[in-house]
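Below is input.txt, holding compact mmCIF, C-alpha atoms and all ligand atoms.
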# COMPACT_ATOMS: atom_id res chain seq x y z
CA MET U 1 135.04 57.38 88.17
CA ARG U 2 134.89 61.05 87.10
CA ILE U 3 133.07 61.44 83.78
CA THR U 4 134.17 64.01 81.20
CA PRO U 5 131.15 65.22 79.21
CA VAL U 6 131.30 64.71 75.45
CA LEU U 7 129.07 65.77 72.55
CA ILE U 8 129.42 64.71 68.91
CA ALA U 9 127.23 65.96 66.07
CA HIS U 10 127.04 65.02 62.41
CA GLY U 11 125.67 66.92 59.43
CA GLY U 12 125.03 63.89 57.26
CA ALA U 13 127.00 61.39 55.21
CA GLY U 14 126.82 61.52 51.43
CA GLY U 15 128.31 63.23 48.39
CA ARG U 16 130.85 66.05 48.69
CA GLY U 17 128.41 68.80 47.70
CA PRO U 18 129.55 72.25 46.50
CA ALA U 19 132.98 73.28 47.83
CA ALA U 20 131.68 76.85 48.23
CA GLU U 21 129.29 75.66 50.96
CA ARG U 22 131.97 73.99 53.04
CA PRO U 23 133.08 76.94 55.21
CA GLU U 24 129.49 77.68 56.16
CA ARG U 25 128.77 74.02 56.91
CA ARG U 26 131.80 74.00 59.19
CA ARG U 27 130.62 77.16 60.94
CA GLY U 28 127.11 75.74 61.32
CA MET U 29 128.39 72.45 62.75
CA LEU U 30 130.65 74.16 65.26
CA ALA U 31 127.90 76.58 66.32
CA ALA U 32 125.55 73.63 66.90
CA VAL U 33 128.11 71.78 69.02
CA GLN U 34 128.81 75.00 70.89
CA ALA U 35 125.09 75.30 71.73
CA GLY U 36 125.12 71.79 73.21
CA ALA U 37 128.50 72.26 74.88
CA GLU U 38 127.30 75.34 76.77
CA ILE U 39 124.64 73.19 78.38
CA LEU U 40 127.12 70.47 79.34
CA ARG U 41 129.65 73.02 80.63
CA ALA U 42 126.99 74.59 82.84
CA GLY U 43 126.36 71.17 84.39
CA GLY U 44 123.26 70.48 82.23
CA GLY U 45 122.17 67.13 80.88
CA ALA U 46 123.10 65.14 77.77
CA PHE U 47 119.47 65.12 76.63
CA ASP U 48 119.17 68.93 76.58
CA ALA U 49 122.59 69.13 74.91
CA VAL U 50 121.73 66.87 71.95
CA ILE U 51 118.39 68.65 71.47
CA ALA U 52 120.15 72.05 71.42
CA ALA U 53 122.72 70.87 68.86
CA VAL U 54 120.13 69.29 66.56
CA ARG U 55 117.79 72.26 66.88
CA ALA U 56 120.58 74.61 65.75
CA LEU U 57 121.22 72.40 62.70
CA GLU U 58 117.46 72.27 61.93
CA ASP U 59 117.46 76.08 61.90
CA HIS U 60 120.46 76.22 59.54
CA PRO U 61 119.34 76.21 55.88
CA LEU U 62 122.37 74.23 54.63
CA PHE U 63 121.43 71.06 56.49
CA ASN U 64 118.74 68.58 55.52
CA ALA U 65 116.50 68.97 58.57
CA GLY U 66 113.87 71.53 59.56
CA LEU U 67 114.43 74.62 57.38
CA GLY U 68 116.27 73.47 54.24
CA SER U 69 114.97 69.89 54.27
CA LEU U 70 115.21 67.98 51.00
CA LEU U 71 111.93 67.64 49.14
CA THR U 72 109.72 64.71 48.24
CA ILE U 73 109.04 63.81 44.63
CA GLU U 74 106.03 66.13 44.87
CA GLY U 75 108.21 69.04 45.95
CA THR U 76 106.97 69.07 49.56
CA VAL U 77 108.76 68.80 52.94
CA GLU U 78 108.11 65.70 55.12
CA MET U 79 110.38 65.37 58.13
CA ASP U 80 111.25 62.61 60.62
CA ALA U 81 112.96 62.98 64.00
CA SER U 82 113.68 60.98 67.15
CA VAL U 83 115.31 61.28 70.56
CA MET U 84 116.38 58.78 73.19
CA VAL U 85 117.91 59.02 76.63
CA ALA U 86 119.44 56.35 78.89
CA VAL U 87 119.79 57.13 82.58
CA PRO U 88 122.34 54.72 84.04
CA PRO U 89 121.19 52.22 86.65
CA PRO U 90 122.08 52.93 90.27
CA ARG U 91 125.33 51.31 91.37
CA ARG U 92 125.11 47.72 92.59
CA ALA U 93 125.69 48.66 96.21
CA ALA U 94 122.77 51.12 96.16
CA VAL U 95 120.51 48.50 94.54
CA ALA U 96 121.45 45.93 97.17
CA ALA U 97 120.64 48.37 99.97
CA ALA U 98 117.24 49.24 98.46
CA ASN U 99 116.24 45.73 97.40
CA PRO U 100 118.24 43.05 99.22
CA ARG U 101 116.12 40.15 97.81
CA GLY U 102 116.62 41.29 94.20
CA ALA U 103 120.32 41.70 94.82
CA ALA U 104 120.49 38.25 96.34
CA ARG U 105 118.93 36.76 93.21
CA GLY U 106 121.50 38.60 91.14
CA ALA U 107 118.91 40.83 89.40
CA ARG U 108 120.80 43.18 87.14
CA PRO U 109 119.60 46.78 87.20
CA HIS U 110 118.88 48.24 83.78
CA ALA U 111 119.26 51.80 82.56
CA GLU U 112 116.04 53.78 82.48
CA LEU U 113 115.24 54.28 78.79
CA ARG U 114 112.96 56.98 77.37
CA ALA U 115 112.34 57.85 73.72
CA GLY U 116 110.11 59.84 71.40
CA ALA U 117 109.80 60.12 67.63
CA VAL U 118 107.77 61.74 64.87
CA ALA U 119 107.30 60.88 61.18
CA GLY U 120 106.08 62.72 58.10
CA ILE U 121 105.93 66.13 59.81
CA THR U 122 105.12 69.06 57.51
CA ARG U 123 104.32 72.08 59.66
CA VAL U 124 106.85 72.19 62.50
CA ARG U 125 110.13 74.03 62.05
CA ASN U 126 111.89 72.00 64.76
CA PRO U 127 110.69 68.38 64.57
CA ILE U 128 113.22 67.44 67.28
CA LEU U 129 111.16 69.45 69.79
CA LEU U 130 108.07 67.53 68.74
CA ALA U 131 109.88 64.19 69.18
CA ARG U 132 110.78 65.39 72.66
CA ALA U 133 107.12 66.33 73.31
CA VAL U 134 106.04 62.80 72.31
CA MET U 135 108.46 61.43 74.90
CA GLU U 136 107.53 63.88 77.64
CA HIS U 137 103.80 64.47 77.15
CA THR U 138 102.33 61.21 75.79
CA PRO U 139 102.34 57.51 76.68
CA HIS U 140 103.49 56.81 73.09
CA LEU U 141 106.82 56.59 71.35
CA LEU U 142 106.19 57.38 67.65
CA MET U 143 103.55 59.76 66.31
CA ALA U 144 102.70 60.90 62.77
CA GLY U 145 100.32 63.09 60.85
CA ALA U 146 97.66 65.48 62.10
CA GLY U 147 97.69 64.05 65.64
CA ALA U 148 101.39 64.77 65.99
CA GLU U 149 100.85 68.32 64.80
CA ARG U 150 97.99 68.76 67.28
CA LEU U 151 100.42 67.66 69.99
CA ALA U 152 102.76 70.44 68.83
CA ARG U 153 100.03 72.99 69.55
CA ARG U 154 99.35 71.49 72.98
CA ALA U 155 103.07 71.47 73.81
CA GLY U 156 103.47 75.13 72.78
CA ILE U 157 105.59 74.32 69.69
CA ALA U 158 104.94 76.87 66.95
CA LEU U 159 103.46 75.61 63.69
CA CYS U 160 104.46 77.11 60.35
CA ARG U 161 103.25 76.83 56.78
CA PRO U 162 104.84 73.84 54.96
CA GLU U 163 106.20 76.18 52.28
CA ASP U 164 108.06 78.23 54.92
CA LEU U 165 110.47 75.26 55.27
CA VAL U 166 111.34 75.13 51.55
CA THR U 167 114.51 77.08 50.78
CA PRO U 168 115.54 78.19 47.26
CA ARG U 169 118.51 75.82 47.56
CA ALA U 170 116.24 72.85 48.31
CA ARG U 171 113.97 73.81 45.42
CA GLU U 172 116.96 74.03 43.07
CA ARG U 173 118.23 70.62 44.19
CA TRP U 174 114.79 69.19 43.72
CA ARG U 175 114.67 70.48 40.14
CA GLY U 176 118.07 68.86 39.51
CA ALA U 177 116.93 65.58 41.04
CA MET U 178 113.76 65.58 38.95
CA ALA U 179 115.74 66.26 35.77
CA ARG U 180 118.14 63.40 36.56
CA ARG U 181 115.19 61.19 37.32
CA ALA U 182 113.57 61.98 33.98
CA GLU U 183 116.88 61.25 32.22
CA ALA U 184 117.30 57.97 34.02
CA ALA U 185 113.67 56.90 33.52
CA GLY U 186 113.62 53.40 32.19
CA SER U 187 116.95 52.45 33.75
CA ALA U 188 116.99 50.33 36.91
CA ALA U 189 118.29 53.26 38.97
CA GLY U 190 115.73 55.68 37.57
CA GLY U 191 113.57 55.86 40.68
CA ALA U 192 116.26 55.54 43.34
CA PRO U 193 116.32 58.45 45.79
CA GLY U 194 119.56 60.48 45.93
CA ARG U 195 121.53 62.61 48.42
CA PHE U 196 121.63 62.47 52.20
CA GLY U 197 122.35 65.15 54.80
CA THR U 198 120.45 64.34 57.97
CA VAL U 199 121.66 65.82 61.27
CA GLY U 200 122.23 64.06 64.58
CA ALA U 201 124.01 64.25 67.90
CA VAL U 202 125.07 61.98 70.76
CA ALA U 203 126.25 63.02 74.21
CA LEU U 204 127.36 61.84 77.62
CA ASP U 205 126.98 64.14 80.63
CA ALA U 206 128.77 64.31 83.97
CA ARG U 207 126.10 62.12 85.62
CA GLY U 208 126.65 59.35 83.08
CA VAL U 209 123.39 59.99 81.22
CA LEU U 210 123.61 59.13 77.50
CA ALA U 211 121.42 60.72 74.82
CA ALA U 212 120.97 60.66 71.06
CA ALA U 213 118.90 62.78 68.67
CA THR U 214 118.35 62.69 64.89
CA SER U 215 116.36 64.91 62.52
CA THR U 216 115.92 64.82 58.74
CA GLY U 217 114.00 65.84 55.68
CA GLY U 218 114.72 62.32 54.40
CA VAL U 219 116.22 61.41 51.06
CA SER U 220 115.66 63.61 48.02
CA GLY U 221 113.08 62.38 45.54
CA LYS U 222 111.40 60.16 48.15
CA LEU U 223 107.76 59.29 47.65
CA SER U 224 105.35 61.24 49.77
CA GLY U 225 104.55 59.12 52.86
CA ARG U 226 107.94 57.38 52.94
CA VAL U 227 109.37 57.19 56.49
CA GLY U 228 113.09 56.65 57.04
CA ASP U 229 115.32 55.44 59.85
CA SER U 230 115.46 58.83 61.55
CA ALA U 231 111.99 58.23 62.98
CA ILE U 232 112.79 54.68 64.07
CA ILE U 233 114.30 54.06 67.50
CA GLY U 234 116.95 51.34 67.16
CA ALA U 235 117.62 52.24 63.51
CA GLY U 236 118.42 55.97 63.26
CA THR U 237 118.75 56.73 67.00
CA PHE U 238 119.48 54.68 70.11
CA ALA U 239 120.82 54.98 73.65
CA ASP U 240 121.26 52.40 76.41
CA ALA U 241 123.72 51.79 79.24
CA PRO U 242 126.69 50.99 76.92
CA GLY U 243 126.41 54.17 74.81
CA ALA U 244 124.45 56.30 72.36
CA ALA U 245 124.29 56.31 68.54
CA ALA U 246 122.87 58.42 65.71
CA ALA U 247 122.85 57.40 62.04
CA THR U 248 122.65 58.93 58.58
CA GLY U 249 122.49 57.50 55.07
CA GLN U 250 120.07 55.26 53.22
CA GLY U 251 117.23 54.82 55.68
CA GLU U 252 116.01 51.55 54.21
CA ALA U 253 119.46 49.95 54.70
CA ILE U 254 119.78 51.41 58.21
CA ILE U 255 116.39 50.06 59.29
CA LYS U 256 117.16 46.56 57.95
CA ALA U 257 120.41 46.52 59.91
CA ALA U 258 118.85 48.05 63.10
CA LEU U 259 122.09 50.00 62.90
CA CYS U 260 122.08 52.13 66.06
CA ARG U 261 120.89 49.45 68.48
CA GLU U 262 123.31 46.89 67.06
CA ALA U 263 126.16 49.39 67.42
CA VAL U 264 125.24 50.43 70.97
CA MET U 265 124.93 46.83 72.16
CA ALA U 266 128.27 45.96 70.53
CA LEU U 267 129.85 48.63 72.77
CA ARG U 268 129.57 46.10 75.62
CA ARG U 269 132.44 44.21 74.00
CA GLY U 270 134.30 46.71 71.85
CA GLU U 271 135.57 50.27 71.68
CA PRO U 272 133.57 52.84 69.70
CA ARG U 273 135.76 53.25 66.65
CA ALA U 274 136.04 49.52 65.93
CA VAL U 275 132.34 49.02 66.72
CA ALA U 276 131.31 51.81 64.32
CA GLU U 277 133.49 50.42 61.54
CA ARG U 278 132.13 46.91 62.00
CA ALA U 279 128.52 48.13 62.09
CA ILE U 280 128.92 50.00 58.80
CA ALA U 281 130.73 47.06 57.18
CA GLU U 282 127.91 44.74 58.26
CA LEU U 283 125.28 47.13 56.89
CA ALA U 284 127.11 47.32 53.57
CA ALA U 285 127.39 43.52 53.41
CA LEU U 286 123.70 43.13 54.25
CA SER U 287 122.25 45.58 51.76
CA GLY U 288 125.01 47.26 49.77
CA GLY U 289 123.75 50.54 51.26
CA GLN U 290 125.61 53.69 52.26
CA ALA U 291 125.43 54.97 55.82
CA GLY U 292 127.29 56.65 58.64
CA VAL U 293 127.06 56.38 62.41
CA ILE U 294 128.38 58.42 65.36
CA LEU U 295 128.83 56.83 68.76
CA VAL U 296 129.80 57.71 72.31
CA ASP U 297 130.28 55.04 74.94
CA ARG U 298 129.58 55.26 78.68
CA ARG U 299 133.20 56.23 79.31
CA GLY U 300 132.93 59.16 76.87
CA ARG U 301 134.98 57.57 74.10
CA PRO U 302 133.81 58.78 70.65
CA GLY U 303 133.69 56.80 67.43
CA TYR U 304 132.29 57.04 63.96
CA ALA U 305 132.40 55.35 60.59
CA HIS U 306 130.75 55.77 57.21
CA ASN U 307 131.05 54.36 53.72
CA ALA U 308 129.80 57.44 51.84
CA GLU U 309 132.09 59.98 50.18
CA VAL U 310 132.22 62.30 53.20
CA MET U 311 130.58 62.98 56.54
CA ASP U 312 130.49 66.30 58.42
CA LEU U 313 131.37 65.91 62.10
CA ALA U 314 131.94 68.22 65.03
CA MET U 315 132.80 67.32 68.57
CA PHE U 316 133.07 68.89 72.01
CA ASP U 317 135.00 67.16 74.71
CA ALA U 318 135.32 68.90 78.09
CA ALA U 319 138.96 67.72 78.19
CA GLY U 320 139.98 68.53 74.60
CA GLY U 321 137.73 71.38 73.37
CA PHE U 322 136.14 71.62 69.93
CA GLU U 323 136.97 69.81 66.74
CA TYR U 324 135.43 69.89 63.25
CA ARG U 325 136.02 67.28 60.61
CA TRP U 326 134.98 66.89 57.01
CA ALA U 327 135.60 63.22 57.27
CA LEU U 328 136.54 60.82 54.55
CA PRO U 329 135.81 57.15 55.26
CA LEU U 330 137.99 55.46 57.89
CA GLN U 331 139.49 58.55 59.58
CA SER U 332 139.54 58.35 63.34
CA LEU U 333 137.99 60.89 65.67
CA GLY U 334 138.81 61.76 69.22
CA ARG U 335 141.39 62.82 71.72
CA GLY U 336 144.75 63.01 70.06
CA ALA U 337 143.31 62.68 66.53
CA PRO U 338 145.03 64.60 63.73
CA ALA U 339 144.12 68.26 63.15
CA PRO U 340 140.79 68.90 61.45
CA ARG U 341 140.73 69.18 57.67
CA GLY U 342 138.18 71.12 55.79
N1 LIG U 401 118.73 58.54 56.89
C1 LIG U 401 117.89 59.55 56.27
C2 LIG U 401 116.68 58.88 55.68
O1 LIG U 401 116.82 57.83 55.08
C3 LIG U 401 118.60 60.32 55.22
C4 LIG U 401 119.93 60.89 55.62
O2 LIG U 401 120.60 60.41 56.51
O3 LIG U 401 120.32 61.88 55.04
O4 LIG U 401 115.62 59.45 55.74

Let me see the structure of the file written as structure tokens.
Amino acid sequence: MRITPVLIAHGGAGGRGPAAERPERRRGMLAAVQAGAEILRAGGGAFDAVIAAVRALEDHPLFNAGLGSLLTIEGTVEMDASVMVAVPPPRRAAVAAANPRGAARGARPHAELRAGAVAGITRVRNPILLARAVMEHTPHLLMAGAGAERLARRAGIALCRPEDLVTPRARERWRGAMARRAEAAGSAAGGAPGRFGTVGAVALDARGVLAAATSTGGVSGKLSGRVGDSAIIGAGTFADAPGAAAATGQGEAIIKAALCREAVMALRRGEPRAVAERAIAELAALSGGQAGVILVDRRGRPGYAHNAEVMDLAMFDAAGGFEYRWALPLQSLGRGAPAPRG
């Protein structure tokens, strides 16, 4: 079967945000997908493609990841990121030739899975590169704190000052969030963290490799030290033989639902759009939370769903080209979908 490479990125699910920012968000999303698509078009891998797309969004100040991350209650940046790649198992015939006894017993080859993640990062402009370094240069999967930042130095990832990641826009939003918090003090919702805006990408390459990557500054007004789903493999990011997934939204709800692993495993029985919708409905039923998920299956079929107000999406498909979507809940995405709105 010939595989058509596909890349989907999201710029977060949440409130509509200022209309004036929409054209630039669209441009940023398409530029990020373009960066990943160039890699896929040149015959490169899904893993490099999702990293390139997420890195471009981390560098863009309008998205809540890397530069422009939302701030903690103390006004500081603390970022989470994760990556995962699934290399498909060799075909059954090749397995039987290499290991006739295993084949005779019916042993089922599994995809080779690799992952890396970081939490609470304050001094790295591109946390997605550090998550990749955890995967490639350590025996571990999730690292945090000073040790993770030491790894950055060893892996040749530039460190910056924490304040270099704070944009005027993020500071202004923080002031607004703090004012709302003060107003709401005493009410049950007074301490609840607000907006979302994480970035993520999933891809399938021509060799059938599936990859997912997610990066975030977390939710605004979070307590210092809070870690969300974007650092947790299985919650905010996942890839395995059936597909790849990346999530956004209320991290606590996403972790409880193990959203991305549940969605990827459900791809064994369903197609991506229906699977994404069911996964979000189950999350909402479980916790009442708001979230979004993007998916690609091993055949390159895309899917997404969210129950927030909107979700930014962009997609590259080697057969259909580029598409951007400022998606309301329950719109479909993919080949033959209606023209982008925005
Ligand atoms: N899921 C992220 C978190 O809870 C936030 C987001 O998606 O915007 O940290």

Could you give me, as an mmCIF file with C-alpha atoms, keeping the file's coordinate frame, the residues that have an atom at most 7 Å away from the point (116.5, 59.2, 60.3) in the coordinates of the file, using only C-alpha atoms?
data_model
loop_
_atom_site.group_PDB
_atom_site.id
_atom_site.type_symbol
_atom_site.label_atom_id
_atom_site.label_comp_id
_atom_site.auth_asym_id
_atom_site.auth_seq_id
_atom_site.Cartn_x
_atom_site.Cartn_y
_atom_site.Cartn_z
ATOM 1 C CA ASP U 80 111.250 62.610 60.620
ATOM 2 C CA ALA U 81 112.960 62.980 64.000
ATOM 3 C CA THR U 198 120.450 64.340 57.970
ATOM 4 C CA THR U 214 118.350 62.690 64.890
ATOM 5 C CA SER U 215 116.360 64.910 62.520
ATOM 6 C CA THR U 216 115.920 64.820 58.740
ATOM 7 C CA GLY U 218 114.720 62.320 54.400
ATOM 8 C CA GLY U 228 113.090 56.650 57.040
ATOM 9 C CA ASP U 229 115.320 55.440 59.850
ATOM 10 C CA SER U 230 115.460 58.830 61.550
ATOM 11 C CA ALA U 231 111.990 58.230 62.980
ATOM 12 C CA ILE U 232 112.790 54.680 64.070
ATOM 13 C CA GLY U 236 118.420 55.970 63.260
ATOM 14 C CA ALA U 247 122.850 57.400 62.040
ATOM 15 C CA THR U 248 122.650 58.930 58.580
ATOM 16 C CA GLY U 251 117.230 54.820 55.680
#

Item checked: Shortest interatomic distance to Arg125 in chain U - which of U:Leu159, U:Ala144, U:Leu40, U:Val219, counting all atoms listed in the file -> U:Leu159

Next item on the list: Measure the distance from CA of Arg180 in chain U to CA of Glu252 in chain U in Å and round it to one decimal.
Entry: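 Here the two named atoms are 21.4 Å from each other.
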
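Atom pair atom C3 of ligand LIG 401 (chain U) / CA of Leu113 in chain U: separated by 24.6 Å.
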
Next item on the list: Write out as JSON, numbers by chain each polymer residue whose atoms come within 10 Å of range 317-331 of chain U, counting only C-alpha atoms; drop sequence neighbours fewer than 4 positions from it.
Entry: {"U": [3, 4, 5, 6, 7, 8, 9, 10, 11, 13, 16, 22, 25, 26, 27, 29, 30, 33, 34, 37, 40, 41, 203, 204, 205, 206, 273, 276, 277, 292, 300, 301, 302, 303, 304, 305, 306, 307, 308, 309, 310, 311, 312, 313, 335, 336, 337, 338, 339, 340, 341, 342]}

Next item on the list: Would you mind telling me which residue in U:Ala211, U:Leu165, U:Met84, U:Leu141 lies nearest to Ser69 in chain U when using all atoms listed in the file?
Entry: U:Leu165

Item checked: Nearest-residue call for ligand LIG 401 (chain U), choices U:Leu130, U:Ala115, U:Ala19, U:Ala246, using only C-alpha atoms and all ligand atoms -> U:Ala246

Next item on the list: To one decimal in Å, tell me the separation between CA of Pro242 in chain U and CA of Pro127 in chain U.
Entry: 26.7 Å

Contacts of Pro89 in chain U within 7 Å, all atoms listed in the file, excl. fewer than 4 positions in-chain, as a PDB file with C-alpha atoms, in the coordinates of the input:
ATOM      1  CA  PRO U 109     119.600  46.780  87.200  1.00  0.00           C
ATOM      2  CA  HIS U 110     118.880  48.240  83.780  1.00  0.00           C
ATOM      3  CA  ALA U 111     119.260  51.800  82.560  1.00  0.00           C
ATOM      4  CA  GLU U 112     116.040  53.780  82.480  1.00  0.00           C
TER       5      GLU U 112
END

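Checking U:Val202, U:Ile73, U:Ala46, U:Ala65 one by one against Ala179 in chain U, counting only C-alpha atoms, you find the shortest gap at U:Ile73.
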
Next item on the list: Would you please work out which residue, of U:Leu70, U:Ala31, U:Ala52, U:Ile128, is nearest to Leu223 in chain U when using all atoms listed in the file?
Entry: U:Leu70

Next item on the list: Counting all atoms listed in the file, figure out which residue out of U:Val227, U:Leu267, U:Val50, U:Ala279 gets nearest to ligand LIG 401 (chain U).
Entry: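 Checking each candidate against ligand LIG 401 (chain U), we get U:Val227 as the closest.
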